[in-house]
file work_1.cif (mmCIF, C-alpha atoms)
data_protein
loop_
_atom_site.label_atom_id
_atom_site.label_comp_id
_atom_site.auth_asym_id
_atom_site.auth_seq_id
_atom_site.Cartn_x
_atom_site.Cartn_y
_atom_site.Cartn_z
CA MET Y 347 -161.24 26.49 -18.95
CA ARG Y 348 -157.95 27.63 -20.50
CA ASN Y 349 -155.91 25.10 -18.49
CA THR Y 350 -158.09 22.27 -19.80
CA GLU Y 351 -157.71 23.47 -23.40
CA LEU Y 352 -153.95 23.74 -22.96
CA ALA Y 353 -153.74 20.24 -21.47
CA VAL Y 354 -155.75 18.78 -24.39
CA LEU Y 355 -153.53 20.59 -26.92
CA LEU Y 356 -150.31 19.36 -25.26
CA LEU Y 357 -151.64 15.81 -25.13
CA ALA Y 358 -152.55 15.92 -28.83
CA LEU Y 359 -149.12 17.30 -29.76
CA ALA Y 360 -147.32 14.67 -27.69
CA ALA Y 361 -149.18 11.91 -29.55
CA SER Y 362 -148.41 13.28 -33.01
CA PRO Y 363 -145.65 11.81 -35.20
CA ALA Y 364 -143.71 15.09 -34.99
CA PHE Y 365 -143.07 14.17 -31.34
CA ALA Y 366 -142.59 10.47 -31.99
CA VAL Y 367 -140.62 8.37 -29.55
CA TYR Y 368 -138.51 5.84 -31.40
CA ASP Y 369 -138.21 2.60 -29.49
CA ALA Y 370 -137.52 -1.11 -29.81
CA ASN Y 371 -139.98 -3.21 -27.83
CA GLY Y 372 -140.53 -0.32 -25.41
CA VAL Y 373 -136.86 0.66 -24.96
CA ALA Y 374 -136.55 4.20 -26.34
CA LEU Y 375 -133.72 6.46 -27.41
CA GLY Y 376 -132.43 8.22 -24.30
CA GLY Y 377 -133.15 5.19 -22.09
CA SER Y 378 -130.49 3.61 -19.89
CA GLU Y 379 -128.50 0.37 -19.91
CA ASP Y 380 -130.73 -0.85 -17.06
CA ASP Y 381 -133.78 -0.31 -19.32
CA VAL Y 382 -132.14 -2.47 -21.99
CA LYS Y 383 -131.28 -5.21 -19.48
CA ARG Y 384 -134.80 -5.25 -18.01
CA LYS Y 385 -136.46 -5.66 -21.43
CA PHE Y 386 -133.79 -7.94 -22.93
CA PRO Y 387 -132.47 -10.16 -20.09
CA SER Y 388 -130.06 -12.09 -22.36
CA VAL Y 389 -128.37 -8.92 -23.62
CA ARG Y 390 -124.58 -8.68 -23.36
CA CYS Y 391 -123.22 -5.19 -22.65
CA GLN Y 392 -119.59 -4.16 -22.95
CA PRO Y 393 -117.38 -1.16 -23.68
CA LEU Y 394 -117.17 -0.17 -27.34
CA GLU Y 395 -114.06 -1.68 -28.97
CA TRP Y 396 -113.04 1.63 -30.59
CA LYS Y 397 -112.97 5.32 -29.62
CA SER Y 398 -116.04 7.25 -30.72
CA LYS Y 399 -117.84 10.46 -29.76
CA ALA Y 400 -121.12 8.72 -30.60
CA ALA Y 401 -121.01 5.94 -27.99
CA ASP Y 402 -118.88 4.35 -25.30
CA ARG Y 403 -120.81 1.08 -24.74
CA ARG Y 404 -122.82 -1.39 -26.75
CA CYS Y 405 -125.39 -3.99 -25.78
CA ASP Y 406 -126.06 -6.94 -28.12
CA ASP Y 407 -128.88 -9.44 -28.08
CA SER Y 408 -128.76 -12.18 -30.66
CA LYS Y 409 -132.40 -13.23 -30.64
CA ILE Y 410 -135.38 -10.97 -30.08
CA VAL Y 411 -138.90 -10.75 -31.41
CA PHE Y 412 -139.56 -7.37 -33.04
CA ALA Y 413 -142.32 -5.63 -34.98
CA GLY Y 414 -145.21 -7.82 -34.01
CA GLY Y 415 -143.46 -11.19 -34.22
CA VAL Y 416 -140.47 -10.81 -36.55
CA PRO Y 417 -137.32 -12.62 -35.33
CA ALA Y 418 -134.40 -10.17 -35.23
CA ARG Y 419 -131.05 -9.25 -33.68
CA ILE Y 420 -130.45 -5.93 -31.97
CA THR Y 421 -127.54 -3.76 -30.86
CA PHE Y 422 -127.96 -0.74 -28.60
CA TYR Y 423 -125.29 1.98 -28.52
CA LEU Y 424 -124.96 4.06 -25.35
CA SER Y 425 -123.05 7.18 -24.40
CA ARG Y 426 -122.84 8.16 -20.74
CA ASN Y 427 -125.57 5.59 -19.96
CA ALA Y 428 -128.07 7.02 -22.46
CA ILE Y 429 -129.15 5.12 -25.58
CA GLN Y 430 -127.94 7.04 -28.63
CA ALA Y 431 -128.92 4.46 -31.25
CA PHE Y 432 -130.10 0.95 -31.87
CA ASP Y 433 -129.75 -1.26 -34.91
CA VAL Y 434 -132.29 -4.01 -35.59
CA ARG Y 435 -131.39 -6.63 -38.19
CA PHE Y 436 -134.02 -8.95 -39.64
CA GLU Y 437 -134.62 -11.19 -42.66
CA THR Y 438 -135.35 -9.24 -45.84
CA ARG Y 439 -138.46 -11.32 -46.54
CA GLU Y 440 -139.98 -9.64 -43.43
CA THR Y 441 -139.43 -6.08 -44.73
CA GLU Y 442 -143.06 -5.44 -45.64
CA ARG Y 443 -144.27 -6.69 -42.25
CA VAL Y 444 -141.69 -4.60 -40.35
CA THR Y 445 -142.44 -1.49 -42.42
CA GLY Y 446 -146.19 -1.84 -41.82
CA PHE Y 447 -145.60 -2.20 -38.08
CA LEU Y 448 -143.29 0.85 -38.00
CA LYS Y 449 -145.74 3.01 -39.94
CA LYS Y 450 -148.37 2.28 -37.30
CA ARG Y 451 -145.88 2.80 -34.46
CA TYR Y 452 -143.84 5.79 -35.75
CA GLY Y 453 -146.44 7.39 -38.04
CA ALA Y 454 -146.16 8.25 -41.72
CA PRO Y 455 -142.56 8.25 -42.94
CA MET Y 456 -140.85 11.45 -44.07
CA ALA Y 457 -139.52 9.63 -47.14
CA GLU Y 458 -139.98 6.24 -48.77
CA ALA Y 459 -138.25 5.12 -51.95
CA ARG Y 460 -137.56 2.00 -53.96
CA ASP Y 461 -134.55 2.49 -56.25
CA THR Y 462 -133.15 0.26 -58.95
CA LEU Y 463 -129.42 0.63 -59.41
CA GLU Y 464 -128.02 -0.31 -62.78
CA PRO Y 465 -125.03 -2.66 -62.93
CA LYS Y 466 -121.60 -1.04 -63.21
CA GLY Y 467 -119.05 -3.84 -63.26
CA LYS Y 468 -118.02 -6.34 -65.86
CA SER Y 469 -118.06 -9.48 -63.72
CA GLU Y 470 -121.17 -11.70 -63.58
CA LYS Y 471 -121.79 -10.66 -59.97
CA ASP Y 472 -121.72 -6.96 -60.90
CA LYS Y 473 -124.13 -7.32 -63.85
CA LYS Y 474 -127.26 -7.73 -61.71
CA GLN Y 475 -129.57 -4.81 -61.00
CA ARG Y 476 -129.86 -3.97 -57.33
CA VAL Y 477 -133.21 -3.00 -55.85
CA ILE Y 478 -132.97 -0.94 -52.68
CA TYR Y 479 -135.88 0.05 -50.47
CA ARG Y 480 -135.47 2.86 -47.92
CA VAL Y 481 -137.90 4.37 -45.44
CA ARG Y 482 -137.06 7.34 -43.19
CA TRP Y 483 -138.78 8.86 -40.19
CA GLU Y 484 -137.59 12.00 -38.38
CA ALA Y 485 -138.64 13.77 -35.20
CA GLY Y 486 -136.38 16.62 -34.14
CA LYS Y 487 -132.83 15.25 -33.75
CA ASP Y 488 -134.02 11.63 -33.81
CA ARG Y 489 -134.35 9.53 -36.94
CA ALA Y 490 -135.19 6.00 -37.98
CA VAL Y 491 -134.01 4.57 -41.30
CA LEU Y 492 -135.06 1.18 -42.64
CA PHE Y 493 -132.76 -0.14 -45.37
CA SER Y 494 -133.44 -3.25 -47.41
CA GLU Y 495 -131.66 -4.60 -50.48
CA VAL Y 496 -134.02 -7.09 -52.12
CA ASP Y 497 -131.34 -9.66 -53.08
CA LYS Y 498 -129.65 -9.67 -49.65
CA SER Y 499 -130.73 -11.93 -46.81
CA ARG Y 500 -130.67 -9.28 -44.04
CA SER Y 501 -132.22 -5.83 -43.77
CA SER Y 502 -131.84 -3.28 -41.00
CA LEU Y 503 -133.48 -0.50 -39.08
CA LEU Y 504 -131.09 2.06 -37.60
CA VAL Y 505 -132.64 4.43 -35.09
CA SER Y 506 -130.33 7.19 -33.91
CA ARG Y 507 -130.05 10.53 -32.21
CA GLY Y 508 -128.10 13.57 -33.40
CA ASP Y 509 -125.01 12.95 -35.52
CA PHE Y 510 -124.61 9.30 -34.47
CA GLU Y 511 -124.34 7.97 -38.03
CA GLU Y 512 -121.51 10.35 -38.90
CA GLU Y 513 -119.60 9.86 -35.64
CA ILE Y 514 -119.85 6.17 -34.75
CA TYR Y 515 -117.10 4.90 -37.08
CA ARG Y 516 -115.09 8.11 -37.49
CA VAL Y 517 -111.42 7.38 -36.91
CA ARG Y 518 -110.04 9.20 -33.85
#

call {"tool": "encode", "arguments": {"input": "work_1.cif", "output": "structure tokens"}}
result
Amino acid sequence: MRNTELAVLLLALAASPAFAVYDANGVALGGSEDDVKRKFPSVRCQPLEWKSKAADRRCDDSKIVFAGGVPARITFYLSRNAIQAFDVRFETRETERVTGFLKKRYGAPMAEARDTLEPKGKSEKDKKQRVIYRVRWEAGKDRAVLFSEVDKSRSSLLVSRGDFEEEIYRVR
């Protein structure tokens, strides 16, 4: 009886958002370059153009369908043949649709905020208020951050592992 109870408890914990698996169309963090190529046959993989502790290869696909039908572009970043991050870029007008899909897929976000930044500059371009929408999910060392600036045409979802965000563009 105890083994059955333990199995049910482990299954319930594995399905909870605290143990979420962040993926793009079924290709999860930690997956391999072959996983990316199987799911995205038109992907182009190559060595990273700069030195980084975060990744040594990248795989780009210019046209995918993401989040239940949203057209997008994606880049996977790999280190030693393991996906460390992926960046999905989509049209800002699809932000609500993508966020709804991700909330169902990844669970309730850890943080969600809509901020209005006051203008700082003196030029006409700098006098507009900027509205920024951010949503963040976390599970252990993995995180997903959706970032959308209302007046921009593109928004993004960056899903990463560990200190990827700090290391990817650090000058070596």

call {"tool": "closest_residue", "arguments": {"input": "work_1.cif", "among": "Y:Glu495, Y:Asp407, Y:Asp433, Y:Glu395", "to": "Gln475 of chain Y", "atoms": "only C-alpha atoms"}}
result
Y:Glu495

call {"tool": "closest_residue", "arguments": {"input": "work_1.cif", "among": "Y:Gln392, Y:Ser378, Y:Asn371, Y:Ser408", "to": "Ile429 of chain Y", "atoms": "only C-alpha atoms"}}
result
Y:Ser378

call {"tool": "residues_around", "arguments": {"input": "work_1.cif", "residues": "segment 499-512 of chain Y", "least_positions_apart": "3", "cutoff": "6 Å", "atoms": "all atoms listed in the file", "output": "number ranges by chain"}}
result
Y: 400, 430-438, 487-494

call {"tool": "resolve_selection", "arguments": {"input": "work_1.cif", "expression": "the PyMOL selection byres ((chain Y and resi 409-415) around 9)", "output": "list in words"}}
result
Ala370, Asn371, Phe386, Ser388, Asp407, Ser408, Val416, Pro417, Ala418, Arg419, Ile420, Val434, Phe436, Arg443, Val444, Thr445, Gly446, Phe447 and Leu448 of chain Y

call {"tool": "write_last_selection", "arguments": {"input": "work_1.cif", "atoms": "C-alpha atoms", "output": "compact mmCIF listing (two decimals), in the frame of the given file"}}
result
# COMPACT_ATOMS: atom_id res chain seq x y z
CA ALA Y 370 -137.52 -1.11 -29.81
CA ASN Y 371 -139.98 -3.21 -27.83
CA PHE Y 386 -133.79 -7.94 -22.93
CA SER Y 388 -130.06 -12.09 -22.36
CA ASP Y 407 -128.88 -9.44 -28.08
CA SER Y 408 -128.76 -12.18 -30.66
CA VAL Y 416 -140.47 -10.81 -36.55
CA PRO Y 417 -137.32 -12.62 -35.33
CA ALA Y 418 -134.40 -10.17 -35.23
CA ARG Y 419 -131.05 -9.25 -33.68
CA ILE Y 420 -130.45 -5.93 -31.97
CA VAL Y 434 -132.29 -4.01 -35.59
CA PHE Y 436 -134.02 -8.95 -39.64
CA ARG Y 443 -144.27 -6.69 -42.25
CA VAL Y 444 -141.69 -4.60 -40.35
CA THR Y 445 -142.44 -1.49 -42.42
CA GLY Y 446 -146.19 -1.84 -41.82
CA PHE Y 447 -145.60 -2.20 -38.08
CA LEU Y 448 -143.29 0.85 -38.00

call {"tool": "resolve_selection", "arguments": {"input": "work_1.cif", "expression": "the PyMOL selection byres ((chain Y and resi 457) around 9)", "output": "PDB file with C-alpha atoms, keeping the file's coordinate frame"}}
result
ATOM      1  CA  ALA Y 454    -146.160   8.250 -41.720  1.00  0.00           C
ATOM      2  CA  PRO Y 455    -142.560   8.250 -42.940  1.00  0.00           C
ATOM      3  CA  MET Y 456    -140.850  11.450 -44.070  1.00  0.00           C
ATOM      4  CA  GLU Y 458    -139.980   6.240 -48.770  1.00  0.00           C
ATOM      5  CA  ALA Y 459    -138.250   5.120 -51.950  1.00  0.00           C
ATOM      6  CA  ARG Y 480    -135.470   2.860 -47.920  1.00  0.00           C
ATOM      7  CA  VAL Y 481    -137.900   4.370 -45.440  1.00  0.00           C
ATOM      8  CA  ARG Y 482    -137.060   7.340 -43.190  1.00  0.00           C
ATOM      9  CA  TRP Y 483    -138.780   8.860 -40.190  1.00  0.00           C
TER      10      TRP Y 483
END

call {"tool": "atom_distance", "arguments": {"input": "work_1.cif", "atom1": "atom CA of Val496 of chain Y", "atom2": "atom CA of Ile478 of chain Y"}}
result
6.3 Å

call {"tool": "closest_residue", "arguments": {"input": "work_1.cif", "among": "Y:Pro393, Y:Gly372, Y:Gly486, Y:Pro465", "to": "Ser425 of chain Y", "atoms": "all atoms listed in the file"}}
result
Y:Pro393

call {"tool": "closest_residue", "arguments": {"input": "work_1.cif", "among": "Y:Arg451, Y:Arg460, Y:Arg390, Y:Lys399", "to": "Arg476 of chain Y", "atoms": "only C-alpha atoms"}}
result
Y:Arg460

call {"tool": "atom_distance", "arguments": {"input": "work_1.cif", "atom1": "atom CA of Gly377 of chain Y", "atom2": "atom CA of Val389 of chain Y"}}
result
15.0 Å

call {"tool": "atom_distance", "arguments": {"input": "work_1.cif", "atom1": "atom CA of Glu513 of chain Y", "atom2": "atom CA of Trp396 of chain Y"}}
result
11.7 Å

call {"tool": "residues_near_point", "arguments": {"input": "work_1.cif", "point": "(-123.7, 3.3, -23.4)", "cutoff": "7 Å", "atoms": "all atoms listed in the file", "output": "PyMOL selection string"}}
result
chain Y and resi 379+401-404+423-429

call {"tool": "write_last_selection", "arguments": {"input": "work_1.cif", "atoms": "C-alpha atoms", "output": "PDB file, in the coordinates of the input"}}
result
ATOM      1  CA  GLU Y 379    -128.500   0.370 -19.910  1.00  0.00           C
ATOM      2  CA  ALA Y 401    -121.010   5.940 -27.990  1.00  0.00           C
ATOM      3  CA  ASP Y 402    -118.880   4.350 -25.300  1.00  0.00           C
ATOM      4  CA  ARG Y 403    -120.810   1.080 -24.740  1.00  0.00           C
ATOM      5  CA  ARG Y 404    -122.820  -1.390 -26.750  1.00  0.00           C
ATOM      6  CA  TYR Y 423    -125.290   1.980 -28.520  1.00  0.00           C
ATOM      7  CA  LEU Y 424    -124.960   4.060 -25.350  1.00  0.00           C
ATOM      8  CA  SER Y 425    -123.050   7.180 -24.400  1.00  0.00           C
ATOM      9  CA  ARG Y 426    -122.840   8.160 -20.740  1.00  0.00           C
ATOM     10  CA  ASN Y 427    -125.570   5.590 -19.960  1.00  0.00           C
ATOM     11  CA  ALA Y 428    -128.070   7.020 -22.460  1.00  0.00           C
ATOM     12  CA  ILE Y 429    -129.150   5.120 -25.580  1.00  0.00           C
TER      13      ILE Y 429
END
